[in-house]
$ cat upload-v1.cif   # mmCIF, C-alpha atoms
data_query
#
loop_
_atom_site.group_PDB
_atom_site.id
_atom_site.type_symbol
_atom_site.label_atom_id
_atom_site.label_comp_id
_atom_site.auth_asym_id
_atom_site.auth_seq_id
_atom_site.Cartn_x
_atom_site.Cartn_y
_atom_site.Cartn_z
ATOM 1 C CA MET M 199 29.079 25.916 87.007
ATOM 2 C CA ALA M 200 26.127 25.757 84.621
ATOM 3 C CA THR M 201 24.943 22.304 83.679
ATOM 4 C CA LEU M 202 24.376 20.728 80.297
ATOM 5 C CA SER M 203 20.683 20.313 81.157
ATOM 6 C CA GLU M 204 20.364 24.092 81.676
ATOM 7 C CA ILE M 205 21.918 24.677 78.261
ATOM 8 C CA GLN M 206 19.691 22.016 76.663
ATOM 9 C CA ALA M 207 16.616 23.694 78.138
ATOM 10 C CA LEU M 208 17.415 26.816 76.109
ATOM 11 C CA LEU M 209 19.244 25.465 73.073
ATOM 12 C CA GLY M 210 17.338 22.249 72.496
ATOM 13 C CA GLU M 211 18.153 18.576 72.659
ATOM 14 C CA PRO M 212 21.634 17.719 71.347
ATOM 15 C CA ARG M 213 21.843 15.224 68.512
ATOM 16 C CA PHE M 214 25.596 14.592 68.222
ATOM 17 C CA ASN M 215 26.200 12.862 71.580
ATOM 18 C CA TRP M 216 29.836 11.858 71.042
ATOM 19 C CA SER M 217 31.263 9.389 73.549
ATOM 20 C CA ASP M 218 34.720 8.430 72.210
ATOM 21 C CA PRO M 219 37.426 10.409 74.099
ATOM 22 C CA ALA M 220 40.127 9.628 71.495
ATOM 23 C CA PRO M 221 39.884 12.925 69.519
ATOM 24 C CA TRP M 222 40.105 14.938 72.734
ATOM 25 C CA ILE M 223 43.050 12.907 74.019
ATOM 26 C CA GLU M 224 44.913 13.350 70.731
ATOM 27 C CA LEU M 225 44.263 17.112 70.546
ATOM 28 C CA GLU M 226 45.060 17.676 74.212
ATOM 29 C CA ARG M 227 48.299 15.724 73.886
ATOM 30 C CA GLU M 228 49.257 17.819 70.849
ATOM 31 C CA LEU M 229 48.425 21.133 72.557
ATOM 32 C CA GLY M 230 49.737 20.194 75.995
ATOM 33 C CA ILE M 231 46.536 21.010 77.887
ATOM 34 C CA GLU M 232 43.387 19.325 79.072
ATOM 35 C CA PHE M 233 40.275 21.260 78.070
ATOM 36 C CA PRO M 234 37.818 21.987 80.877
ATOM 37 C CA SER M 235 35.223 19.260 81.378
ATOM 38 C CA ASP M 236 32.236 21.564 80.872
ATOM 39 C CA PHE M 237 33.546 22.678 77.461
ATOM 40 C CA ARG M 238 34.154 19.059 76.422
ATOM 41 C CA GLU M 239 30.722 17.966 77.648
ATOM 42 C CA ILE M 240 28.908 20.665 75.656
ATOM 43 C CA VAL M 241 30.900 20.085 72.476
ATOM 44 C CA ASP M 242 30.525 16.291 72.804
ATOM 45 C CA ALA M 243 26.765 16.740 73.131
ATOM 46 C CA TYR M 244 26.260 19.175 70.244
ATOM 47 C CA GLY M 245 29.216 18.619 67.896
ATOM 48 C CA SER M 246 30.298 21.247 65.355
ATOM 49 C CA ILE M 247 27.446 23.739 65.332
ATOM 50 C CA SER M 248 26.390 27.283 64.682
ATOM 51 C CA VAL M 249 24.467 28.769 67.622
ATOM 52 C CA ASN M 250 21.919 31.412 66.637
ATOM 53 C CA GLY M 251 23.518 31.512 63.184
ATOM 54 C CA GLN M 252 26.318 33.450 64.849
ATOM 55 C CA LEU M 253 28.550 31.572 67.305
ATOM 56 C CA TYR M 254 30.612 28.664 65.970
ATOM 57 C CA LEU M 255 31.518 25.749 68.235
ATOM 58 C CA LYS M 256 33.547 22.869 66.842
ATOM 59 C CA HIS M 257 34.255 19.289 67.889
ATOM 60 C CA PRO M 258 37.712 17.648 67.565
ATOM 61 C CA ALA M 259 36.520 14.514 65.735
ATOM 62 C CA GLY M 260 38.775 14.180 62.697
ATOM 63 C CA HIS M 261 36.041 13.090 60.290
ATOM 64 C CA LEU M 262 34.261 16.440 60.604
ATOM 65 C CA LEU M 263 34.778 19.155 58.011
ATOM 66 C CA HIS M 264 34.700 21.749 60.810
ATOM 67 C CA SER M 265 37.161 20.319 63.339
ATOM 68 C CA LEU M 266 38.212 22.003 66.568
ATOM 69 C CA GLY M 267 41.768 20.720 66.179
ATOM 70 C CA LYS M 268 42.221 22.221 62.713
ATOM 71 C CA ASN M 269 40.736 25.516 63.822
ATOM 72 C CA VAL M 270 42.774 25.750 67.020
ATOM 73 C CA ARG M 271 46.020 25.147 65.117
ATOM 74 C CA GLU M 272 45.128 27.818 62.520
ATOM 75 C CA ASP M 273 43.920 30.264 65.174
ATOM 76 C CA LEU M 274 47.041 29.835 67.311
ATOM 77 C CA GLU M 275 49.177 30.617 64.264
ATOM 78 C CA PHE M 276 47.014 33.657 63.421
ATOM 79 C CA TRP M 277 47.101 35.098 66.951
ATOM 80 C CA ARG M 278 50.854 34.523 67.286
ATOM 81 C CA GLU M 279 51.550 36.845 64.364
ATOM 82 C CA GLU M 280 53.259 39.971 65.633
ATOM 83 C CA ASP M 281 50.585 42.393 64.445
ATOM 84 C CA MET M 282 47.732 40.305 65.957
ATOM 85 C CA ALA M 283 49.332 39.418 69.315
ATOM 86 C CA GLU M 284 49.099 43.058 70.429
ATOM 87 C CA PHE M 285 45.288 42.804 70.430
ATOM 88 C CA LEU M 286 45.278 40.259 73.262
ATOM 89 C CA PRO M 287 46.093 40.781 76.952
ATOM 90 C CA SER M 288 48.121 37.534 77.061
ATOM 91 C CA PRO M 289 49.865 35.296 74.536
ATOM 92 C CA VAL M 290 47.981 32.389 73.008
ATOM 93 C CA GLY M 291 48.982 28.890 74.006
ATOM 94 C CA ALA M 292 48.661 26.224 76.666
ATOM 95 C CA ASN M 293 50.743 27.721 79.485
ATOM 96 C CA PRO M 294 49.195 29.199 82.639
ATOM 97 C CA GLY M 295 47.600 32.580 81.903
ATOM 98 C CA GLU M 296 47.674 32.041 78.150
ATOM 99 C CA LEU M 297 44.635 32.021 75.897
ATOM 100 C CA MET M 298 43.364 29.042 73.903
ATOM 101 C CA PRO M 299 41.077 29.998 70.963
ATOM 102 C CA VAL M 300 37.996 27.759 70.960
ATOM 103 C CA ALA M 301 35.176 29.564 69.118
ATOM 104 C CA SER M 302 34.388 32.475 66.851
ATOM 105 C CA ALA M 303 31.394 34.542 65.862
ATOM 106 C CA THR M 304 30.156 36.001 62.610
ATOM 107 C CA THR M 305 30.165 39.396 64.318
ATOM 108 C CA GLY M 306 33.969 39.386 64.548
ATOM 109 C CA GLU M 307 34.507 38.098 68.073
ATOM 110 C CA TRP M 308 36.873 35.304 69.045
ATOM 111 C CA VAL M 309 36.237 33.260 72.161
ATOM 112 C CA PHE M 310 39.224 32.050 74.171
ATOM 113 C CA LEU M 311 39.559 29.888 77.238
ATOM 114 C CA ARG M 312 42.108 31.377 79.642
ATOM 115 C CA VAL M 313 44.383 28.639 80.965
ATOM 116 C CA PRO M 314 44.282 28.770 84.792
ATOM 117 C CA ASP M 315 47.342 30.002 86.661
ATOM 118 C CA GLU M 316 47.028 27.074 89.078
ATOM 119 C CA PRO M 317 45.677 23.583 88.265
ATOM 120 C CA SER M 318 42.970 23.989 90.919
ATOM 121 C CA SER M 319 41.831 27.380 89.560
ATOM 122 C CA PRO M 320 38.882 27.582 87.179
ATOM 123 C CA TRP M 321 39.145 28.253 83.453
ATOM 124 C CA ARG M 322 37.754 31.633 82.367
ATOM 125 C CA VAL M 323 36.395 32.979 79.079
ATOM 126 C CA LEU M 324 37.894 35.921 77.206
ATOM 127 C CA VAL M 325 36.113 37.452 74.223
ATOM 128 C CA GLN M 326 38.169 39.526 71.773
ATOM 129 C CA GLU M 327 36.544 41.845 69.254
ATOM 130 C CA LEU M 328 38.579 41.404 66.071
ATOM 131 C CA ASP M 329 37.802 44.860 64.690
ATOM 132 C CA SER M 330 39.184 46.623 67.766
ATOM 133 C CA PRO M 331 41.681 46.062 70.555
ATOM 134 C CA ALA M 332 38.763 45.567 72.973
ATOM 135 C CA HIS M 333 38.534 42.349 74.932
ATOM 136 C CA THR M 334 36.533 41.227 77.935
ATOM 137 C CA LEU M 335 37.553 38.619 80.487
ATOM 138 C CA HIS M 336 34.467 36.946 81.910
ATOM 139 C CA GLU M 337 34.956 35.514 85.386
ATOM 140 C CA MET M 338 32.892 32.455 84.538
ATOM 141 C CA THR M 339 33.363 28.962 83.196
ATOM 142 C CA PHE M 340 32.598 28.177 79.563
ATOM 143 C CA SER M 341 29.229 26.616 80.458
ATOM 144 C CA GLU M 342 28.274 29.677 82.536
ATOM 145 C CA TRP M 343 29.336 31.968 79.695
ATOM 146 C CA LEU M 344 27.394 29.970 77.081
ATOM 147 C CA LEU M 345 24.313 29.884 79.291
ATOM 148 C CA ALA M 346 24.523 33.678 79.720
ATOM 149 C CA TYR M 347 24.871 34.042 75.930
ATOM 150 C CA LEU M 348 21.822 31.828 75.347
ATOM 151 C CA ARG M 349 19.830 33.931 77.827
ATOM 152 C CA GLY M 350 20.722 37.046 75.830
ATOM 153 C CA GLU M 351 22.912 38.500 78.563
ATOM 154 C CA ASP M 352 25.761 40.804 77.598
ATOM 155 C CA VAL M 353 28.761 38.519 77.248
ATOM 156 C CA THR M 354 30.145 40.507 74.313
ATOM 157 C CA VAL M 355 28.497 38.366 71.622
ATOM 158 C CA CYS M 356 24.925 39.619 71.159
ATOM 159 C CA SER M 357 22.344 36.940 70.461
ATOM 160 C CA ARG M 358 19.055 38.822 70.654
ATOM 161 C CA ASN M 359 19.284 40.315 67.173
ATOM 162 C CA VAL M 360 19.650 36.910 65.486
ATOM 163 C CA ALA M 361 17.508 34.779 67.815
ATOM 164 C CA PRO M 362 14.496 36.908 68.744
ATOM 165 C CA ASP M 363 12.257 33.955 69.633
ATOM 166 C CA ARG M 364 14.635 31.533 71.312
ATOM 167 C CA PRO M 365 18.188 30.233 70.894
ATOM 168 C CA PHE M 366 18.743 27.619 68.212
ATOM 169 C CA PHE M 367 21.565 25.572 66.726
ATOM 170 C CA GLU M 368 22.381 24.075 63.347
ATOM 171 C CA PHE M 369 25.039 21.558 62.429
ATOM 172 C CA LEU M 370 27.884 23.022 60.403
ATOM 173 C CA PRO M 371 27.986 21.512 56.911
#

$ encode --input "upload-v1.cif" --output "structure tokens"
Amino acid sequence: MATLSEIQALLGEPRFNWSDPAPWIELERELGIEFPSDFREIVDAYGSISVNGQLYLKHPAGHLLHSLGKNVREDLEFWREEDMAEFLPSPVGANPGELMPVASATTGEWVFLRVPDEPSSPWRVLVQELDSPAHTLHEMTFSEWLLAYLRGEDVTVCSRNVAPDRPFFEFLP
């Protein structure tokens, strides 16, 4: 699993540094899952941000305008609609094998965490291209996937065209 320090080396020093677990506990209780620790650690460090002006990550803190909880609820409803569900290889939700929407990109991709089939199995990342039925399951954790994205590797969301010098982040307003 990639480490937060590896991500910081490329993305820059985080400035959010959230330490209160209450928003996570509340959201996880509502959804019936526990998000993977690497995802929580990254989002706690950076907060609700835009990476490379393209990839949107959100934190569950309720005082934020761009809240993970609000977005997950809306995204689950969207992807459960009959005409949208056919674009995904699995249903959305918190059950084993289902997909939990956690991020989106300006280029039309949605990033999902695939709930492990077994509690001891790792979470995986699935990227769905909204303008087509194409999706890619990445056999990597969220931190590994994000690190690959920051390095400009092909993880379905292209970063090189919007971050030619180096990856960057901005807080969402």

$ residues_near_point --input "upload-v1.cif" --point "(18.6, 28.9, 76.5)" --cutoff "6 Å" --atoms "all atoms listed in the file" --output "PyMOL selection string"
chain M and resi 205+207-209+348-349+365

$ atom_distance --input "upload-v1.cif" --atom1 "atom CA of Phe237 of chain M" --atom2 "atom CA of Pro294 of chain M"
17.7 Å

$ resolve_selection --input "upload-v1.cif" --expression "the PyMOL selection byres ((chain M and resi 279-285) around 8)" --output "ChimeraX atom specification"
/M:275-278,286-287,289,326,330-332

$ atom_distance --input "upload-v1.cif" --atom1 "atom CA of Glu307 of chain M" --atom2 "atom CA of Val355 of chain M"
7.0 Å

$ closest_residue --input "upload-v1.cif" --among "M:Met298, M:Ile240, M:Ala292, M:Val249" --to "Ser203 of chain M" --atoms "all atoms listed in the file"
M:Ile240

$ atom_distance --input "upload-v1.cif" --atom1 "atom CA of Phe340 of chain M" --atom2 "atom CA of Phe367 of chain M"
17.1 Å

$ closest_residue --input "upload-v1.cif" --among "M:Gly295, M:Pro317, M:Pro212, M:Pro362" --to "Ala243 of chain M" --atoms "all atoms listed in the file"
M:Pro212

$ closest_atom_pairs --input "upload-v1.cif" --of "segment 241-303 of chain M" --to "segment 220-234 of chain M" --cutoff "12 Å" --atoms "only C-alpha atoms" --output "JSON lines"
{"residue": "M:Val241", "atom": "CA", "partner": "M:Trp222", "partner_atom": "CA", "distance": 10.5}
{"residue": "M:Asp242", "atom": "CA", "partner": "M:Trp222", "partner_atom": "CA", "distance": 9.7}
{"residue": "M:Lys256", "atom": "CA", "partner": "M:Trp222", "partner_atom": "CA", "distance": 11.9}
{"residue": "M:His257", "atom": "CA", "partner": "M:Pro221", "partner_atom": "CA", "distance": 8.7}
{"residue": "M:Pro258", "atom": "CA", "partner": "M:Pro221", "partner_atom": "CA", "distance": 5.6}
{"residue": "M:Ala259", "atom": "CA", "partner": "M:Pro221", "partner_atom": "CA", "distance": 5.3}
{"residue": "M:Gly260", "atom": "CA", "partner": "M:Pro221", "partner_atom": "CA", "distance": 7.0}
{"residue": "M:His261", "atom": "CA", "partner": "M:Pro221", "partner_atom": "CA", "distance": 10.0}
{"residue": "M:Leu262", "atom": "CA", "partner": "M:Pro221", "partner_atom": "CA", "distance": 11.1}
{"residue": "M:Ser265", "atom": "CA", "partner": "M:Pro221", "partner_atom": "CA", "distance": 10.0}
{"residue": "M:Leu266", "atom": "CA", "partner": "M:Leu225", "partner_atom": "CA", "distance": 8.7}
{"residue": "M:Gly267", "atom": "CA", "partner": "M:Leu225", "partner_atom": "CA", "distance": 6.2}
{"residue": "M:Lys268", "atom": "CA", "partner": "M:Leu225", "partner_atom": "CA", "distance": 9.6}
{"residue": "M:Asn269", "atom": "CA", "partner": "M:Leu225", "partner_atom": "CA", "distance": 11.3}
{"residue": "M:Val270", "atom": "CA", "partner": "M:Leu229", "partner_atom": "CA", "distance": 9.2}
{"residue": "M:Arg271", "atom": "CA", "partner": "M:Leu229", "partner_atom": "CA", "distance": 8.8}
{"residue": "M:Leu274", "atom": "CA", "partner": "M:Leu229", "partner_atom": "CA", "distance": 10.3}
{"residue": "M:Val290", "atom": "CA", "partner": "M:Leu229", "partner_atom": "CA", "distance": 11.3}
{"residue": "M:Gly291", "atom": "CA", "partner": "M:Leu229", "partner_atom": "CA", "distance": 7.9}
{"residue": "M:Ala292", "atom": "CA", "partner": "M:Ile231", "partner_atom": "CA", "distance": 5.8}
{"residue": "M:Asn293", "atom": "CA", "partner": "M:Ile231", "partner_atom": "CA", "distance": 8.1}
{"residue": "M:Pro294", "atom": "CA", "partner": "M:Ile231", "partner_atom": "CA", "distance": 9.8}
{"residue": "M:Glu296", "atom": "CA", "partner": "M:Ile231", "partner_atom": "CA", "distance": 11.1}
{"residue": "M:Leu297", "atom": "CA", "partner": "M:Ile231", "partner_atom": "CA", "distance": 11.3}
{"residue": "M:Met298", "atom": "CA", "partner": "M:Phe233", "partner_atom": "CA", "distance": 9.4}
{"residue": "M:Pro299", "atom": "CA", "partner": "M:Phe233", "partner_atom": "CA", "distance": 11.3}
{"residue": "M:Val300", "atom": "CA", "partner": "M:Phe233", "partner_atom": "CA", "distance": 9.9}

$ axis_aligned_box --input "upload-v1.cif" --around "segment 276-286 of chain M" --padding-each-side "6 Å" --output "AutoDock Vina command-line options"
--center_x 49.3 --center_y 38.4 --center_z 68.3 --size_x 20.0 --size_y 21.4 --size_z 21.8

$ resolve_selection --input "upload-v1.cif" --expression "the PyMOL selection byres ((chain M and resi 304) around 10)" --output "short mmCIF file (atom, residue, chain, number, x, y, z; two decimals) with C-alpha atoms, in the frame of the given file"
data_model
loop_
_atom_site.label_atom_id
_atom_site.label_comp_id
_atom_site.auth_asym_id
_atom_site.auth_seq_id
_atom_site.Cartn_x
_atom_site.Cartn_y
_atom_site.Cartn_z
CA SER M 248 26.39 27.28 64.68
CA GLY M 251 23.52 31.51 63.18
CA GLN M 252 26.32 33.45 64.85
CA LEU M 253 28.55 31.57 67.31
CA TYR M 254 30.61 28.66 65.97
CA SER M 302 34.39 32.48 66.85
CA ALA M 303 31.39 34.54 65.86
CA THR M 305 30.16 39.40 64.32
CA GLY M 306 33.97 39.39 64.55
CA GLU M 307 34.51 38.10 68.07
CA TRP M 308 36.87 35.30 69.04
CA VAL M 355 28.50 38.37 71.62
#

$ residues_around --input "upload-v1.cif" --residues "Ser341 of chain M" --least-positions-apart "6" --cutoff "7 Å" --atoms "only C-alpha atoms" --output "PyMOL selection string"
chain M and resi 199-201+236-237

$ closest_residue --input "upload-v1.cif" --among "M:Val313, M:Ser318, M:Ser246, M:Phe366" --to "Gln206 of chain M" --atoms "all atoms listed in the file"
M:Phe366

$ build_atoms --input "upload-v1.cif" --residues "segment 216-243 of chain M" --atoms "N, CA and C atoms" --output "PDB file, in the frame of the given file"
ATOM      1  N   TRP M 216      28.566  12.554  71.260  1.00  0.00           N
ATOM      2  CA  TRP M 216      29.836  11.858  71.042  1.00  0.00           C
ATOM      3  C   TRP M 216      30.304  11.242  72.356  1.00  0.00           C
ATOM      4  N   SER M 217      30.808  10.018  72.312  1.00  0.00           N
ATOM      5  CA  SER M 217      31.263   9.389  73.549  1.00  0.00           C
ATOM      6  C   SER M 217      32.714   8.908  73.503  1.00  0.00           C
ATOM      7  N   ASP M 218      33.348   8.905  72.346  1.00  0.00           N
ATOM      8  CA  ASP M 218      34.720   8.430  72.210  1.00  0.00           C
ATOM      9  C   ASP M 218      35.696   9.543  72.612  1.00  0.00           C
ATOM     10  N   PRO M 219      36.504   9.355  73.658  1.00  0.00           N
ATOM     11  CA  PRO M 219      37.426  10.409  74.099  1.00  0.00           C
ATOM     12  C   PRO M 219      38.674  10.552  73.228  1.00  0.00           C
ATOM     13  N   ALA M 220      38.890   9.642  72.276  1.00  0.00           N
ATOM     14  CA  ALA M 220      40.127   9.628  71.495  1.00  0.00           C
ATOM     15  C   ALA M 220      40.461  10.960  70.818  1.00  0.00           C
ATOM     16  N   PRO M 221      39.511  11.650  70.146  1.00  0.00           N
ATOM     17  CA  PRO M 221      39.884  12.925  69.519  1.00  0.00           C
ATOM     18  C   PRO M 221      40.332  13.983  70.530  1.00  0.00           C
ATOM     19  N   TRP M 222      39.708  13.993  71.686  1.00  0.00           N
ATOM     20  CA  TRP M 222      40.105  14.938  72.734  1.00  0.00           C
ATOM     21  C   TRP M 222      41.509  14.598  73.233  1.00  0.00           C
ATOM     22  N   ILE M 223      41.742  13.343  73.503  1.00  0.00           N
ATOM     23  CA  ILE M 223      43.050  12.907  74.019  1.00  0.00           C
ATOM     24  C   ILE M 223      44.148  13.288  73.038  1.00  0.00           C
ATOM     25  N   GLU M 224      43.924  13.030  71.760  1.00  0.00           N
ATOM     26  CA  GLU M 224      44.913  13.350  70.731  1.00  0.00           C
ATOM     27  C   GLU M 224      45.171  14.862  70.657  1.00  0.00           C
ATOM     28  N   LEU M 225      44.111  15.655  70.630  1.00  0.00           N
ATOM     29  CA  LEU M 225      44.263  17.112  70.546  1.00  0.00           C
ATOM     30  C   LEU M 225      44.911  17.670  71.807  1.00  0.00           C
ATOM     31  N   GLU M 226      44.489  17.190  72.953  1.00  0.00           N
ATOM     32  CA  GLU M 226      45.060  17.676  74.212  1.00  0.00           C
ATOM     33  C   GLU M 226      46.535  17.308  74.331  1.00  0.00           C
ATOM     34  N   ARG M 227      46.897  16.137  73.876  1.00  0.00           N
ATOM     35  CA  ARG M 227      48.299  15.724  73.886  1.00  0.00           C
ATOM     36  C   ARG M 227      49.112  16.660  72.977  1.00  0.00           C
ATOM     37  N   GLU M 228      48.583  16.935  71.794  1.00  0.00           N
ATOM     38  CA  GLU M 228      49.257  17.819  70.849  1.00  0.00           C
ATOM     39  C   GLU M 228      49.432  19.235  71.414  1.00  0.00           C
ATOM     40  N   LEU M 229      48.395  19.759  72.054  1.00  0.00           N
ATOM     41  CA  LEU M 229      48.425  21.133  72.557  1.00  0.00           C
ATOM     42  C   LEU M 229      49.081  21.260  73.926  1.00  0.00           C
ATOM     43  N   GLY M 230      49.140  20.159  74.665  1.00  0.00           N
ATOM     44  CA  GLY M 230      49.737  20.194  75.995  1.00  0.00           C
ATOM     45  C   GLY M 230      48.818  20.726  77.074  1.00  0.00           C
ATOM     46  N   ILE M 231      47.514  20.588  76.875  1.00  0.00           N
ATOM     47  CA  ILE M 231      46.536  21.010  77.887  1.00  0.00           C
ATOM     48  C   ILE M 231      45.416  19.977  77.957  1.00  0.00           C
ATOM     49  N   GLU M 232      44.613  20.100  78.981  1.00  0.00           N
ATOM     50  CA  GLU M 232      43.387  19.325  79.072  1.00  0.00           C
ATOM     51  C   GLU M 232      42.243  20.327  79.134  1.00  0.00           C
ATOM     52  N   PHE M 233      41.388  20.312  78.117  1.00  0.00           N
ATOM     53  CA  PHE M 233      40.275  21.260  78.070  1.00  0.00           C
ATOM     54  C   PHE M 233      39.368  21.060  79.285  1.00  0.00           C
ATOM     55  N   PRO M 234      38.716  22.121  79.723  1.00  0.00           N
ATOM     56  CA  PRO M 234      37.818  21.987  80.877  1.00  0.00           C
ATOM     57  C   PRO M 234      36.660  21.036  80.559  1.00  0.00           C
ATOM     58  N   SER M 235      36.239  20.302  81.566  1.00  0.00           N
ATOM     59  CA  SER M 235      35.223  19.260  81.378  1.00  0.00           C
ATOM     60  C   SER M 235      33.894  19.823  80.886  1.00  0.00           C
ATOM     61  N   ASP M 236      33.513  21.016  81.326  1.00  0.00           N
ATOM     62  CA  ASP M 236      32.236  21.564  80.872  1.00  0.00           C
ATOM     63  C   ASP M 236      32.269  21.887  79.381  1.00  0.00           C
ATOM     64  N   PHE M 237      33.395  22.403  78.891  1.00  0.00           N
ATOM     65  CA  PHE M 237      33.546  22.678  77.461  1.00  0.00           C
ATOM     66  C   PHE M 237      33.450  21.375  76.669  1.00  0.00           C
ATOM     67  N   ARG M 238      34.182  20.361  77.104  1.00  0.00           N
ATOM     68  CA  ARG M 238      34.154  19.059  76.422  1.00  0.00           C
ATOM     69  C   ARG M 238      32.748  18.468  76.413  1.00  0.00           C
ATOM     70  N   GLU M 239      32.062  18.543  77.546  1.00  0.00           N
ATOM     71  CA  GLU M 239      30.722  17.966  77.648  1.00  0.00           C
ATOM     72  C   GLU M 239      29.750  18.627  76.664  1.00  0.00           C
ATOM     73  N   ILE M 240      29.800  19.935  76.564  1.00  0.00           N
ATOM     74  CA  ILE M 240      28.908  20.665  75.656  1.00  0.00           C
ATOM     75  C   ILE M 240      29.224  20.328  74.207  1.00  0.00           C
ATOM     76  N   VAL M 241      30.501  20.361  73.851  1.00  0.00           N
ATOM     77  CA  VAL M 241      30.900  20.085  72.476  1.00  0.00           C
ATOM     78  C   VAL M 241      30.644  18.622  72.120  1.00  0.00           C
ATOM     79  N   ASP M 242      30.849  17.702  73.051  1.00  0.00           N
ATOM     80  CA  ASP M 242      30.525  16.291  72.804  1.00  0.00           C
ATOM     81  C   ASP M 242      29.024  16.114  72.572  1.00  0.00           C
ATOM     82  N   ALA M 243      28.217  16.862  73.279  1.00  0.00           N
ATOM     83  CA  ALA M 243      26.765  16.740  73.131  1.00  0.00           C
ATOM     84  C   ALA M 243      26.283  17.302  71.802  1.00  0.00           C
TER      85      ALA M 243
END
